[in-house]
file target31.pdb (PDB, C-alpha atoms, pLDDT in the B column)
MODEL        1
ATOM      1  CA  MET A  19       0.000   0.000   0.000  1.00 84.00           C
ATOM      2  CA  LYS A  20       1.360   3.401  -0.948  1.00 91.00           C
ATOM      3  CA  LEU A  21       1.997   5.739   1.966  1.00 93.00           C
ATOM      4  CA  SER A  22      -0.182   8.502   0.524  1.00 94.00           C
ATOM      5  CA  PHE A  23      -3.085   6.059   0.124  1.00 96.00           C
ATOM      6  CA  ALA A  24      -2.677   4.813   3.704  1.00 96.00           C
ATOM      7  CA  ILE A  25      -2.724   8.406   4.989  1.00 97.00           C
ATOM      8  CA  LEU A  26      -5.884   9.077   2.980  1.00 97.00           C
ATOM      9  CA  LEU A  27      -7.603   5.979   4.433  1.00 97.00           C
ATOM     10  CA  VAL A  28      -6.716   6.949   8.021  1.00 98.00           C
ATOM     11  CA  PHE A  29      -7.800  10.550   7.410  1.00 97.00           C
ATOM     12  CA  VAL A  30     -11.172   9.622   5.887  1.00 98.00           C
ATOM     13  CA  GLY A  31     -11.850   7.004   8.582  1.00 97.00           C
ATOM     14  CA  GLY A  32     -10.776   9.337  11.393  1.00 97.00           C
ATOM     15  CA  ALA A  33     -12.949  12.162  10.054  1.00 97.00           C
ATOM     16  CA  THR A  34     -15.956   9.820   9.796  1.00 97.00           C
ATOM     17  CA  GLY A  35     -15.439   8.495  13.318  1.00 97.00           C
ATOM     18  CA  ALA A  36     -15.029  11.987  14.796  1.00 97.00           C
ATOM     19  CA  ILE A  37     -18.203  13.249  13.100  1.00 96.00           C
ATOM     20  CA  ALA A  38     -20.094  10.206  14.422  1.00 97.00           C
ATOM     21  CA  ARG A  39     -18.791  11.043  17.921  1.00 96.00           C
ATOM     22  CA  GLU A  40     -19.916  14.663  17.537  1.00 94.00           C
ATOM     23  CA  LEU A  41     -23.409  13.438  16.552  1.00 94.00           C
ATOM     24  CA  LEU A  42     -23.499  11.180  19.622  1.00 94.00           C
ATOM     25  CA  MET A  43     -22.480  14.177  21.770  1.00 92.00           C
ATOM     26  CA  LEU A  44     -25.385  16.160  20.309  1.00 91.00           C
ATOM     27  CA  PHE A  45     -28.055  13.491  20.693  1.00 92.00           C
ATOM     28  CA  VAL A  46     -27.044  11.425  23.727  1.00 92.00           C
ATOM     29  CA  PRO A  47     -27.793  13.337  26.923  1.00 85.00           C
ATOM     30  CA  THR A  48     -25.325  13.716  29.770  1.00 80.00           C
ATOM     31  CA  LEU A  49     -26.873  11.947  32.750  1.00 81.00           C
ATOM     32  CA  SER A  50     -27.583  13.510  36.115  1.00 74.00           C
ATOM     33  CA  HIS A  51     -24.512  14.415  38.182  1.00 80.00           C
ATOM     34  CA  GLY A  52     -22.614  14.983  34.922  1.00 86.00           C
ATOM     35  CA  PHE A  53     -22.072  11.344  33.945  1.00 92.00           C
ATOM     36  CA  PRO A  54     -20.660  11.589  30.373  1.00 93.00           C
ATOM     37  CA  LEU A  55     -22.925   8.987  28.750  1.00 95.00           C
ATOM     38  CA  ASP A  56     -22.167  10.293  25.228  1.00 94.00           C
ATOM     39  CA  ILE A  57     -18.442   9.574  25.454  1.00 95.00           C
ATOM     40  CA  LEU A  58     -19.106   6.193  27.102  1.00 96.00           C
ATOM     41  CA  VAL A  59     -21.409   5.200  24.226  1.00 97.00           C
ATOM     42  CA  ALA A  60     -18.841   6.366  21.619  1.00 97.00           C
ATOM     43  CA  ASN A  61     -16.019   4.449  23.324  1.00 97.00           C
ATOM     44  CA  VAL A  62     -18.004   1.229  23.752  1.00 98.00           C
ATOM     45  CA  ILE A  63     -19.249   1.229  20.134  1.00 98.00           C
ATOM     46  CA  ALA A  64     -15.688   1.895  18.907  1.00 98.00           C
ATOM     47  CA  SER A  65     -14.355  -0.962  21.075  1.00 98.00           C
ATOM     48  CA  LEU A  66     -16.980  -3.299  19.622  1.00 98.00           C
ATOM     49  CA  LEU A  67     -16.013  -2.182  16.110  1.00 98.00           C
ATOM     50  CA  ILE A  68     -12.253  -2.569  16.613  1.00 97.00           C
ATOM     51  CA  GLY A  69     -12.684  -6.106  17.977  1.00 97.00           C
ATOM     52  CA  PHE A  70     -15.024  -7.031  15.133  1.00 97.00           C
ATOM     53  CA  SER A  71     -12.786  -5.596  12.417  1.00 97.00           C
ATOM     54  CA  THR A  72      -9.625  -7.156  13.871  1.00 97.00           C
ATOM     55  CA  ALA A  73     -11.190 -10.627  13.952  1.00 96.00           C
ATOM     56  CA  ARG A  74     -12.416 -10.220  10.368  1.00 96.00           C
ATOM     57  CA  HIS A  75      -8.940  -9.119   9.265  1.00 96.00           C
ATOM     58  CA  ASN A  76      -7.335 -12.041  11.109  1.00 94.00           C
ATOM     59  CA  ARG A  77      -9.573 -14.372   9.115  1.00 93.00           C
ATOM     60  CA  LYS A  78      -8.502 -12.509   5.949  1.00 92.00           C
ATOM     61  CA  VAL A  79     -12.103 -11.569   5.185  1.00 92.00           C
ATOM     62  CA  THR A  80     -11.012  -7.932   4.837  1.00 94.00           C
ATOM     63  CA  ASN A  81      -7.841  -6.553   3.259  1.00 95.00           C
ATOM     64  CA  ASP A  82      -5.187  -4.344   4.896  1.00 96.00           C
ATOM     65  CA  GLY A  83      -6.559  -1.081   3.509  1.00 96.00           C
ATOM     66  CA  TRP A  84     -10.086  -1.702   4.743  1.00 96.00           C
ATOM     67  CA  HIS A  85      -8.753  -2.822   8.126  1.00 97.00           C
ATOM     68  CA  LEU A  86      -6.601   0.312   8.444  1.00 97.00           C
ATOM     69  CA  MET A  87      -9.519   2.601   7.600  1.00 97.00           C
ATOM     70  CA  VAL A  88     -11.951   0.914  10.003  1.00 97.00           C
ATOM     71  CA  THR A  89      -9.684   0.305  13.034  1.00 97.00           C
ATOM     72  CA  THR A  90      -7.098   3.104  12.987  1.00 97.00           C
ATOM     73  CA  GLY A  91      -9.478   5.476  11.239  1.00 97.00           C
ATOM     74  CA  ILE A  92     -13.140   5.036  12.204  1.00 97.00           C
ATOM     75  CA  ALA A  93     -12.779   3.273  15.587  1.00 97.00           C
ATOM     76  CA  GLY A  94      -9.825   5.494  16.557  1.00 97.00           C
ATOM     77  CA  GLY A  95     -11.666   8.670  15.535  1.00 97.00           C
ATOM     78  CA  LEU A  96     -14.922   7.617  17.191  1.00 97.00           C
ATOM     79  CA  SER A  97     -13.295   6.727  20.500  1.00 97.00           C
ATOM     80  CA  THR A  98     -11.452   9.252  22.611  1.00 97.00           C
ATOM     81  CA  PHE A  99      -9.189   8.992  25.596  1.00 97.00           C
ATOM     82  CA  SER A 100      -8.571  12.710  26.134  1.00 96.00           C
ATOM     83  CA  SER A 101     -12.257  13.585  26.673  1.00 95.00           C
ATOM     84  CA  PHE A 102     -12.523  10.526  28.913  1.00 96.00           C
ATOM     85  CA  THR A 103      -9.691  11.619  31.238  1.00 97.00           C
ATOM     86  CA  TYR A 104     -10.542  15.309  31.129  1.00 95.00           C
ATOM     87  CA  ALA A 105     -14.215  14.788  32.006  1.00 94.00           C
ATOM     88  CA  THR A 106     -13.092  12.504  34.841  1.00 96.00           C
ATOM     89  CA  SER A 107     -10.695  15.156  36.183  1.00 95.00           C
ATOM     90  CA  VAL A 108     -13.395  17.853  36.083  1.00 93.00           C
ATOM     91  CA  LEU A 109     -15.880  15.603  37.915  1.00 94.00           C
ATOM     92  CA  MET A 110     -13.256  14.688  40.506  1.00 93.00           C
ATOM     93  CA  LYS A 111     -12.528  18.307  41.312  1.00 91.00           C
ATOM     94  CA  ALA A 112     -16.197  19.357  41.425  1.00 90.00           C
ATOM     95  CA  SER A 113     -17.538  17.683  44.573  1.00 91.00           C
ATOM     96  CA  MET A 114     -17.641  14.526  46.627  1.00 92.00           C
ATOM     97  CA  THR A 115     -20.585  13.276  44.564  1.00 92.00           C
ATOM     98  CA  GLY A 116     -18.657  14.206  41.431  1.00 93.00           C
ATOM     99  CA  ALA A 117     -15.695  12.128  42.582  1.00 95.00           C
ATOM    100  CA  LEU A 118     -17.959   9.105  43.073  1.00 95.00           C
ATOM    101  CA  VAL A 119     -19.515   9.627  39.628  1.00 95.00           C
ATOM    102  CA  ALA A 120     -15.971   9.924  38.181  1.00 96.00           C
ATOM    103  CA  ALA A 121     -14.927   6.627  39.798  1.00 96.00           C
ATOM    104  CA  ALA A 122     -18.051   4.890  38.477  1.00 96.00           C
ATOM    105  CA  TYR A 123     -17.477   6.391  35.012  1.00 96.00           C
ATOM    106  CA  VAL A 124     -13.876   5.106  34.845  1.00 97.00           C
ATOM    107  CA  LEU A 125     -14.780   1.638  36.098  1.00 97.00           C
ATOM    108  CA  ILE A 126     -17.820   1.235  33.822  1.00 97.00           C
ATOM    109  CA  SER A 127     -15.854   2.540  30.802  1.00 97.00           C
ATOM    110  CA  LEU A 128     -12.940   0.164  31.353  1.00 97.00           C
ATOM    111  CA  VAL A 129     -15.090  -2.912  31.946  1.00 97.00           C
ATOM    112  CA  MET A 130     -17.621  -2.216  29.165  1.00 98.00           C
ATOM    113  CA  GLY A 131     -14.897  -1.252  26.673  1.00 97.00           C
ATOM    114  CA  TYR A 132     -12.945  -4.419  27.369  1.00 97.00           C
ATOM    115  CA  VAL A 133     -16.012  -6.652  27.174  1.00 98.00           C
ATOM    116  CA  ALA A 134     -17.038  -4.891  23.933  1.00 98.00           C
ATOM    117  CA  VAL A 135     -13.687  -5.762  22.293  1.00 97.00           C
ATOM    118  CA  ILE A 136     -14.112  -9.417  23.299  1.00 97.00           C
ATOM    119  CA  ILE A 137     -17.720  -9.533  22.028  1.00 97.00           C
ATOM    120  CA  GLY A 138     -16.681  -7.773  18.795  1.00 97.00           C
ATOM    121  CA  MET A 139     -13.943 -10.365  18.259  1.00 96.00           C
ATOM    122  CA  ARG A 140     -16.388 -13.216  18.870  1.00 96.00           C
ATOM    123  CA  ILE A 141     -18.895 -11.831  16.361  1.00 96.00           C
ATOM    124  CA  GLY A 142     -16.137 -11.026  13.864  1.00 94.00           C
ATOM    125  CA  GLY A 143     -14.742 -14.524  14.270  1.00 90.00           C
ATOM    126  CA  MET A 144     -17.993 -16.145  13.188  1.00 84.00           C
ATOM    127  CA  ARG A 145     -18.532 -17.179   9.619  1.00 70.00           C
ATOM    128  CA  MET A 146     -21.176 -14.879   8.266  1.00 62.00           C
ATOM    129  CA  GLU A 147     -21.096 -16.060   4.664  1.00 57.00           C
ATOM    130  CA  SER A 148     -23.655 -18.790   4.149  1.00 53.00           C
ATOM    131  CA  SER A 149     -21.787 -21.760   2.754  1.00 51.00           C
ATOM    132  CA  PRO A 150     -23.397 -24.822   1.155  1.00 53.00           C
ATOM    133  CA  HIS A 151     -20.854 -27.015   2.939  1.00 51.00           C
ATOM    134  CA  SER A 152     -21.539 -25.849   6.457  1.00 44.00           C
TER
ATOM    135  CA  MET B   3     -17.128  19.741   9.126  1.00 83.00           C
ATOM    136  CA  LEU B   4     -14.513  21.175  11.463  1.00 91.00           C
ATOM    137  CA  VAL B   5     -14.783  18.140  13.707  1.00 94.00           C
ATOM    138  CA  GLY B   6     -14.220  15.885  10.696  1.00 95.00           C
ATOM    139  CA  LEU B   7     -11.184  17.849   9.542  1.00 95.00           C
ATOM    140  CA  GLY B   8      -9.701  17.833  13.038  1.00 96.00           C
ATOM    141  CA  GLY B   9     -10.542  14.147  13.530  1.00 96.00           C
ATOM    142  CA  GLY B  10      -8.826  13.237  10.263  1.00 97.00           C
ATOM    143  CA  VAL B  11      -5.695  15.226  11.132  1.00 97.00           C
ATOM    144  CA  GLY B  12      -5.587  13.812  14.688  1.00 97.00           C
ATOM    145  CA  SER B  13      -6.019  10.232  13.425  1.00 97.00           C
ATOM    146  CA  VAL B  14      -3.191  10.567  10.895  1.00 97.00           C
ATOM    147  CA  LEU B  15      -0.985  12.021  13.627  1.00 97.00           C
ATOM    148  CA  ARG B  16      -1.829   9.053  15.901  1.00 97.00           C
ATOM    149  CA  TRP B  17      -1.082   6.573  13.148  1.00 97.00           C
ATOM    150  CA  TRP B  18       2.243   8.279  12.328  1.00 97.00           C
ATOM    151  CA  ILE B  19       3.431   8.495  15.952  1.00 97.00           C
ATOM    152  CA  GLY B  20       2.304   4.902  16.549  1.00 96.00           C
ATOM    153  CA  ARG B  21       4.472   3.775  13.631  1.00 95.00           C
ATOM    154  CA  LEU B  22       7.494   5.777  14.818  1.00 96.00           C
ATOM    155  CA  VAL B  23       7.267   4.316  18.330  1.00 96.00           C
ATOM    156  CA  GLY B  24       6.620   0.815  16.954  1.00 93.00           C
ATOM    157  CA  GLU B  25       9.808   0.961  14.876  1.00 94.00           C
ATOM    158  CA  ARG B  26      11.926   1.827  17.920  1.00 95.00           C
ATOM    159  CA  TYR B  27      10.299  -0.110  20.749  1.00 94.00           C
ATOM    160  CA  LYS B  28       9.651  -3.839  20.440  1.00 90.00           C
ATOM    161  CA  GLY B  29       8.465  -4.749  23.958  1.00 92.00           C
ATOM    162  CA  HIS B  30       5.062  -6.096  24.981  1.00 92.00           C
ATOM    163  CA  PHE B  31       3.883  -2.862  26.573  1.00 95.00           C
ATOM    164  CA  PRO B  32       1.736  -0.833  24.116  1.00 96.00           C
ATOM    165  CA  LEU B  33       3.992   2.209  24.425  1.00 97.00           C
ATOM    166  CA  GLY B  34       2.779   4.055  21.320  1.00 96.00           C
ATOM    167  CA  THR B  35      -0.895   4.212  22.310  1.00 97.00           C
ATOM    168  CA  PHE B  36       0.108   4.970  25.901  1.00 97.00           C
ATOM    169  CA  LEU B  37       2.266   7.971  24.944  1.00 97.00           C
ATOM    170  CA  ILE B  38      -0.385   9.247  22.529  1.00 97.00           C
ATOM    171  CA  ASN B  39      -3.166   9.060  25.124  1.00 98.00           C
ATOM    172  CA  ILE B  40      -1.151  10.683  27.908  1.00 98.00           C
ATOM    173  CA  SER B  41       0.113  13.541  25.730  1.00 97.00           C
ATOM    174  CA  GLY B  42      -3.430  14.094  24.407  1.00 97.00           C
ATOM    175  CA  SER B  43      -4.769  14.231  27.976  1.00 97.00           C
ATOM    176  CA  LEU B  44      -2.177  16.858  28.932  1.00 97.00           C
ATOM    177  CA  VAL B  45      -3.058  19.041  25.958  1.00 96.00           C
ATOM    178  CA  ILE B  46      -6.845  18.738  26.469  1.00 95.00           C
ATOM    179  CA  GLY B  47      -6.483  19.820  30.105  1.00 94.00           C
ATOM    180  CA  TYR B  48      -4.376  22.783  29.090  1.00 93.00           C
ATOM    181  CA  LEU B  49      -6.515  23.926  26.156  1.00 91.00           C
ATOM    182  CA  SER B  50      -9.877  23.385  27.885  1.00 89.00           C
ATOM    183  CA  VAL B  51      -8.888  25.845  30.609  1.00 87.00           C
ATOM    184  CA  LEU B  52      -7.324  28.176  28.062  1.00 84.00           C
ATOM    185  CA  PHE B  53     -10.447  28.148  25.844  1.00 80.00           C
ATOM    186  CA  ASN B  54     -12.606  28.231  28.972  1.00 73.00           C
ATOM    187  CA  VAL B  55     -14.720  25.299  27.869  1.00 57.00           C
ATOM    188  CA  ASP B  56     -17.729  24.686  30.029  1.00 56.00           C
ATOM    189  CA  TRP B  57     -17.743  20.892  30.119  1.00 52.00           C
ATOM    190  CA  ASP B  58     -21.460  20.611  30.889  1.00 51.00           C
ATOM    191  CA  ASN B  59     -22.414  22.803  27.965  1.00 52.00           C
ATOM    192  CA  ARG B  60     -19.973  22.080  25.200  1.00 53.00           C
ATOM    193  CA  HIS B  61     -22.372  22.988  22.408  1.00 52.00           C
ATOM    194  CA  GLY B  62     -23.850  26.204  23.670  1.00 49.00           C
ATOM    195  CA  HIS B  63     -21.094  28.548  22.595  1.00 51.00           C
ATOM    196  CA  GLY B  64     -20.289  27.239  19.118  1.00 50.00           C
ATOM    197  CA  MET B  65     -16.595  27.737  19.520  1.00 73.00           C
ATOM    198  CA  VAL B  66     -14.679  27.003  16.368  1.00 80.00           C
ATOM    199  CA  LEU B  67     -11.501  26.110  18.260  1.00 80.00           C
ATOM    200  CA  ASN B  68     -13.424  23.756  20.518  1.00 84.00           C
ATOM    201  CA  ALA B  69     -14.900  21.823  17.581  1.00 86.00           C
ATOM    202  CA  LEU B  70     -11.694  21.784  15.554  1.00 89.00           C
ATOM    203  CA  VAL B  71      -9.067  21.160  18.228  1.00 90.00           C
ATOM    204  CA  ILE B  72     -10.725  19.518  21.234  1.00 90.00           C
ATOM    205  CA  THR B  73     -13.481  17.379  19.716  1.00 91.00           C
ATOM    206  CA  GLY B  74     -11.646  17.008  16.403  1.00 94.00           C
ATOM    207  CA  VAL B  75      -7.862  16.838  16.639  1.00 96.00           C
ATOM    208  CA  LEU B  76      -7.522  15.626  20.241  1.00 95.00           C
ATOM    209  CA  GLY B  77     -10.485  13.250  19.993  1.00 95.00           C
ATOM    210  CA  GLY B  78      -9.081  11.787  16.788  1.00 96.00           C
ATOM    211  CA  TYR B  79      -5.527  11.712  18.115  1.00 97.00           C
ATOM    212  CA  THR B  80      -6.288   9.849  21.342  1.00 97.00           C
ATOM    213  CA  THR B  81      -8.022   6.494  21.327  1.00 97.00           C
ATOM    214  CA  PHE B  82      -9.927   4.385  23.782  1.00 96.00           C
ATOM    215  CA  SER B  83     -10.660   1.477  21.450  1.00 96.00           C
ATOM    216  CA  SER B  84      -7.009   0.745  20.563  1.00 97.00           C
ATOM    217  CA  MET B  85      -6.167   0.756  24.253  1.00 97.00           C
ATOM    218  CA  GLN B  86      -8.828  -1.872  24.911  1.00 97.00           C
ATOM    219  CA  LEU B  87      -7.718  -3.920  21.904  1.00 97.00           C
ATOM    220  CA  ASP B  88      -4.092  -3.777  23.135  1.00 96.00           C
ATOM    221  CA  ALA B  89      -5.254  -4.993  26.551  1.00 97.00           C
ATOM    222  CA  ALA B  90      -7.358  -7.825  25.083  1.00 96.00           C
ATOM    223  CA  ARG B  91      -4.406  -8.942  22.934  1.00 95.00           C
ATOM    224  CA  LEU B  92      -2.049  -8.918  25.918  1.00 96.00           C
ATOM    225  CA  ALA B  93      -4.527 -10.952  27.965  1.00 95.00           C
ATOM    226  CA  ALA B  94      -4.966 -13.434  25.103  1.00 93.00           C
ATOM    227  CA  GLY B  95      -1.176 -13.757  24.863  1.00 92.00           C
ATOM    228  CA  GLN B  96      -0.772 -14.858  28.513  1.00 91.00           C
ATOM    229  CA  HIS B  97       0.039 -11.325  29.703  1.00 94.00           C
ATOM    230  CA  ALA B  98      -3.127 -10.687  31.711  1.00 95.00           C
ATOM    231  CA  ARG B  99      -1.270  -8.887  34.499  1.00 95.00           C
ATOM    232  CA  LEU B 100       0.461  -6.555  32.071  1.00 96.00           C
ATOM    233  CA  ALA B 101      -2.930  -5.884  30.430  1.00 96.00           C
ATOM    234  CA  ALA B 102      -4.491  -4.850  33.758  1.00 96.00           C
ATOM    235  CA  PHE B 103      -1.399  -2.796  34.653  1.00 96.00           C
ATOM    236  CA  TYR B 104      -1.502  -1.073  31.252  1.00 97.00           C
ATOM    237  CA  LEU B 105      -5.192  -0.102  31.609  1.00 97.00           C
ATOM    238  CA  LEU B 106      -4.806   1.182  35.172  1.00 97.00           C
ATOM    239  CA  LEU B 107      -1.562   3.020  34.407  1.00 98.00           C
ATOM    240  CA  SER B 108      -3.147   4.641  31.327  1.00 98.00           C
ATOM    241  CA  VAL B 109      -6.096   5.927  33.360  1.00 97.00           C
ATOM    242  CA  ALA B 110      -3.958   7.115  36.291  1.00 97.00           C
ATOM    243  CA  ALA B 111      -1.334   8.803  34.100  1.00 98.00           C
ATOM    244  CA  GLY B 112      -4.026  10.242  31.802  1.00 97.00           C
ATOM    245  CA  LEU B 113      -5.892  11.724  34.758  1.00 97.00           C
ATOM    246  CA  LEU B 114      -2.719  13.241  36.197  1.00 97.00           C
ATOM    247  CA  ALA B 115      -1.813  14.612  32.759  1.00 98.00           C
ATOM    248  CA  ALA B 116      -5.259  16.242  32.368  1.00 96.00           C
ATOM    249  CA  LEU B 117      -4.986  17.772  35.844  1.00 96.00           C
ATOM    250  CA  ALA B 118      -1.428  18.941  35.159  1.00 96.00           C
ATOM    251  CA  GLY B 119      -2.490  20.477  31.852  1.00 95.00           C
ATOM    252  CA  ALA B 120      -5.340  22.365  33.513  1.00 93.00           C
ATOM    253  CA  ALA B 121      -3.016  23.537  36.308  1.00 94.00           C
ATOM    254  CA  LEU B 122      -0.431  24.755  33.778  1.00 93.00           C
ATOM    255  CA  ALA B 123      -3.072  26.818  31.964  1.00 88.00           C
ATOM    256  CA  GLY B 124      -4.352  28.200  35.286  1.00 80.00           C
ATOM    257  CA  VAL B 125      -0.909  29.407  36.276  1.00 72.00           C
ATOM    258  CA  GLN B 126      -0.720  31.650  33.239  1.00 60.00           C
ATOM    259  CA  ASP B 127      -3.915  33.568  34.014  1.00 52.00           C
TER
ENDMDL
END

call {"tool": "encode", "arguments": {"input": "target31.pdb", "output": "structure tokens"}}
result
Amino acid sequence: MKLSFAILLVFVGGATGAIARELLMLFVPTLSHGFPLDILVANVIASLLIGFSTARHNRKVTNDGWHLMVTTGIAGGLSTFSSFTYATSVLMKASMTGALVAAAYVLISLVMGYVAVIIGMRIGGMRMESSPHS
Amino acid sequence: MLVGLGGGVGSVLRWWIGRLVGERYKGHFPLGTFLINISGSLVIGYLSVLFNVDWDNRHGHGMVLNALVITGVLGGYTTFSSMQLDAARLAAGQHARLAAFYLLLSVAAGLLAALAGAALAGVQD
């Protein structure tokens, strides 16, 4: 793959993922006590997608270019670590309740994100093409 | 549109830095993603205070810099999904302890970086 083509794939995927995250931020409400549900949803969906796409690529269902665009581009652009840590730091500093919400947010994000990767890999590892021999 | 532009630029930057680190460091620890996420956390803390972003009302002010740099570039640059994939791969490769250590260290260092960034911006006021 030419370098310029790889850069284009990552750029297009990253732009798509970031716009999807912006849409989630507009339409998913922040819960009471400032729980950042929008970023949690973006991160969990991206984790599901990266697991799915990686398993598909491992099975050689998808080629390198497609894999690069979906994982490094779309999943990477959709998920964010900086908003995750910054929102946590703001909550922590706000109040005692905020600190508890921050702790819950971190724990739920880590567990759900990890489980989402595993589930994505399981789904991506399944044969989806209907085969007459199976 | 600004978010897309920023997200594309941030993603390419992440990919490029990840490659540079990957060429130089061959250990098990996912150093590239770690460095990217921690540096992104530092910058978001710094710029959020500098731009005076109200975190509960990110959309009310329509700030161009907020959309382009914070949601776009920094959001695209840092990644949560790659971190989780790294951890799942480590765990699958009999490095479950390193995976847990990596996740906890990322969160702790990222939090400290965000706080440090915000403190740095506050000092300048």

call {"tool": "interface_residues", "arguments": {"input": "target31.pdb", "of": "chain B", "to": "chain A", "cutoff": "8 Å", "atoms": "all atoms listed in the file", "output": "number ranges by chain"}}
result
B: 3, 5-14, 17, 39-40, 42-43, 46-47, 57-58, 61, 73-74, 76-84, 86-87, 89-90, 105, 109, 112-113, 116-117

call {"tool": "residues_around", "arguments": {"input": "target31.pdb", "residues": "Arg21 (chain B)", "least_positions_apart": "3", "cutoff": "12 Å", "atoms": "all atoms listed in the file", "output": "list of chain:residue names"}}
result
A:Thr90, B:Val14, B:Leu15, B:Arg16, B:Trp17, B:Trp18, B:Gly24, B:Glu25, B:Arg26, B:Tyr27, B:Lys28, B:Pro32, B:Leu33, B:Gly34, B:Thr35, B:Ile38

call {"tool": "residues_around", "arguments": {"input": "target31.pdb", "residues": "Phe103 (chain B)", "least_positions_apart": "3", "cutoff": "12 Å", "atoms": "only C-alpha atoms", "output": "list in words"}}
result
Phe31, Pro32, Phe36, Met85, Asp88, Ala89, Leu92, Ala93, His97, Ala98, Arg99, Leu100, Leu106, Leu107, Ser108, Val109, Ala110 and Ala111 of chain B

call {"tool": "atom_distance", "arguments": {"input": "target31.pdb", "atom1": "CA of Val51 (chain B)", "atom2": "CA of Leu4 (chain B)"}}
result
20.5 Å

call {"tool": "closest_residue", "arguments": {"input": "target31.pdb", "among": "A:Asp82, A:Arg145, A:Ile126, A:Gly138", "to": "Leu55 (chain A)", "atoms": "all atoms listed in the file"}}
result
A:Ile126

call {"tool": "closest_residue", "arguments": {"input": "target31.pdb", "among": "A:Trp84, A:His51, A:Met144, A:His75", "to": "Ala122 (chain A)", "atoms": "all atoms listed in the file"}}
result
A:His51

call {"tool": "atom_distance", "arguments": {"input": "target31.pdb", "atom1": "CA of Tyr104 (chain B)", "atom2": "CA of Val23 (chain B)"}}
result
16.5 Å

call {"tool": "atom_distance", "arguments": {"input": "target31.pdb", "atom1": "CA of Phe53 (chain B)", "atom2": "CA of Ser41 (chain B)"}}
result
18.0 Å

call {"tool": "residues_around", "arguments": {"input": "target31.pdb", "residues": "Tyr48 (chain B)", "least_positions_apart": "6", "cutoff": "9 Å", "atoms": "only C-alpha atoms", "output": "ChimeraX atom specification"}}
result
/B:116-124

call {"tool": "residues_around", "arguments": {"input": "target31.pdb", "residues": "Leu42 (chain A)", "least_positions_apart": "6", "cutoff": "8 Å", "atoms": "only C-alpha atoms", "output": "compact mmCIF listing (two decimals) with C-alpha atoms, in the frame of the given file"}}
result
# COMPACT_ATOMS: atom_id res chain seq x y z
CA ASP A 56 -22.17 10.29 25.23
CA ILE A 57 -18.44 9.57 25.45
CA VAL A 59 -21.41 5.20 24.23
CA ALA A 60 -18.84 6.37 21.62

call {"tool": "decode", "arguments": {"input": "target31.pdb", "residues": "region 96-106 of chain B", "atoms": "N, CA, C and O atoms", "output": "short mmCIF file (atom, residue, chain, number, x, y, z; two decimals), in the first residue's frame"}}
result
data_model
loop_
_atom_site.label_atom_id
_atom_site.label_comp_id
_atom_site.auth_asym_id
_atom_site.auth_seq_id
_atom_site.Cartn_x
_atom_site.Cartn_y
_atom_site.Cartn_z
N GLN B 96 -1.29 -14.46 27.18
CA GLN B 96 -0.77 -14.86 28.51
C GLN B 96 -0.11 -13.70 29.26
O GLN B 96 0.81 -13.91 30.04
N HIS B 97 -0.50 -12.46 28.97
CA HIS B 97 0.04 -11.33 29.70
C HIS B 97 -1.09 -10.56 30.40
O HIS B 97 -1.19 -9.34 30.28
N ALA B 98 -1.95 -11.29 31.09
CA ALA B 98 -3.13 -10.69 31.71
C ALA B 98 -2.75 -9.62 32.74
O ALA B 98 -3.39 -8.57 32.82
N ARG B 99 -1.69 -9.86 33.49
CA ARG B 99 -1.27 -8.89 34.50
C ARG B 99 -0.80 -7.59 33.86
O ARG B 99 -1.11 -6.51 34.32
N LEU B 100 -0.03 -7.74 32.79
CA LEU B 100 0.46 -6.56 32.07
C LEU B 100 -0.72 -5.78 31.47
O LEU B 100 -0.74 -4.54 31.48
N ALA B 101 -1.74 -6.52 30.99
CA ALA B 101 -2.93 -5.88 30.43
C ALA B 101 -3.63 -5.03 31.49
O ALA B 101 -3.99 -3.88 31.23
N ALA B 102 -3.83 -5.58 32.67
CA ALA B 102 -4.49 -4.85 33.76
C ALA B 102 -3.65 -3.65 34.19
O ALA B 102 -4.16 -2.55 34.38
N PHE B 103 -2.33 -3.87 34.28
CA PHE B 103 -1.40 -2.80 34.65
C PHE B 103 -1.44 -1.68 33.61
O PHE B 103 -1.48 -0.49 33.96
N TYR B 104 -1.46 -2.04 32.35
CA TYR B 104 -1.50 -1.07 31.25
C TYR B 104 -2.77 -0.20 31.32
O TYR B 104 -2.69 1.02 31.22
N LEU B 105 -3.93 -0.85 31.54
CA LEU B 105 -5.19 -0.10 31.61
C LEU B 105 -5.19 0.86 32.80
O LEU B 105 -5.54 2.04 32.67
N LEU B 106 -4.79 0.34 33.97
CA LEU B 106 -4.81 1.18 35.17
C LEU B 106 -3.78 2.30 35.08
O LEU B 106 -4.07 3.45 35.46
#
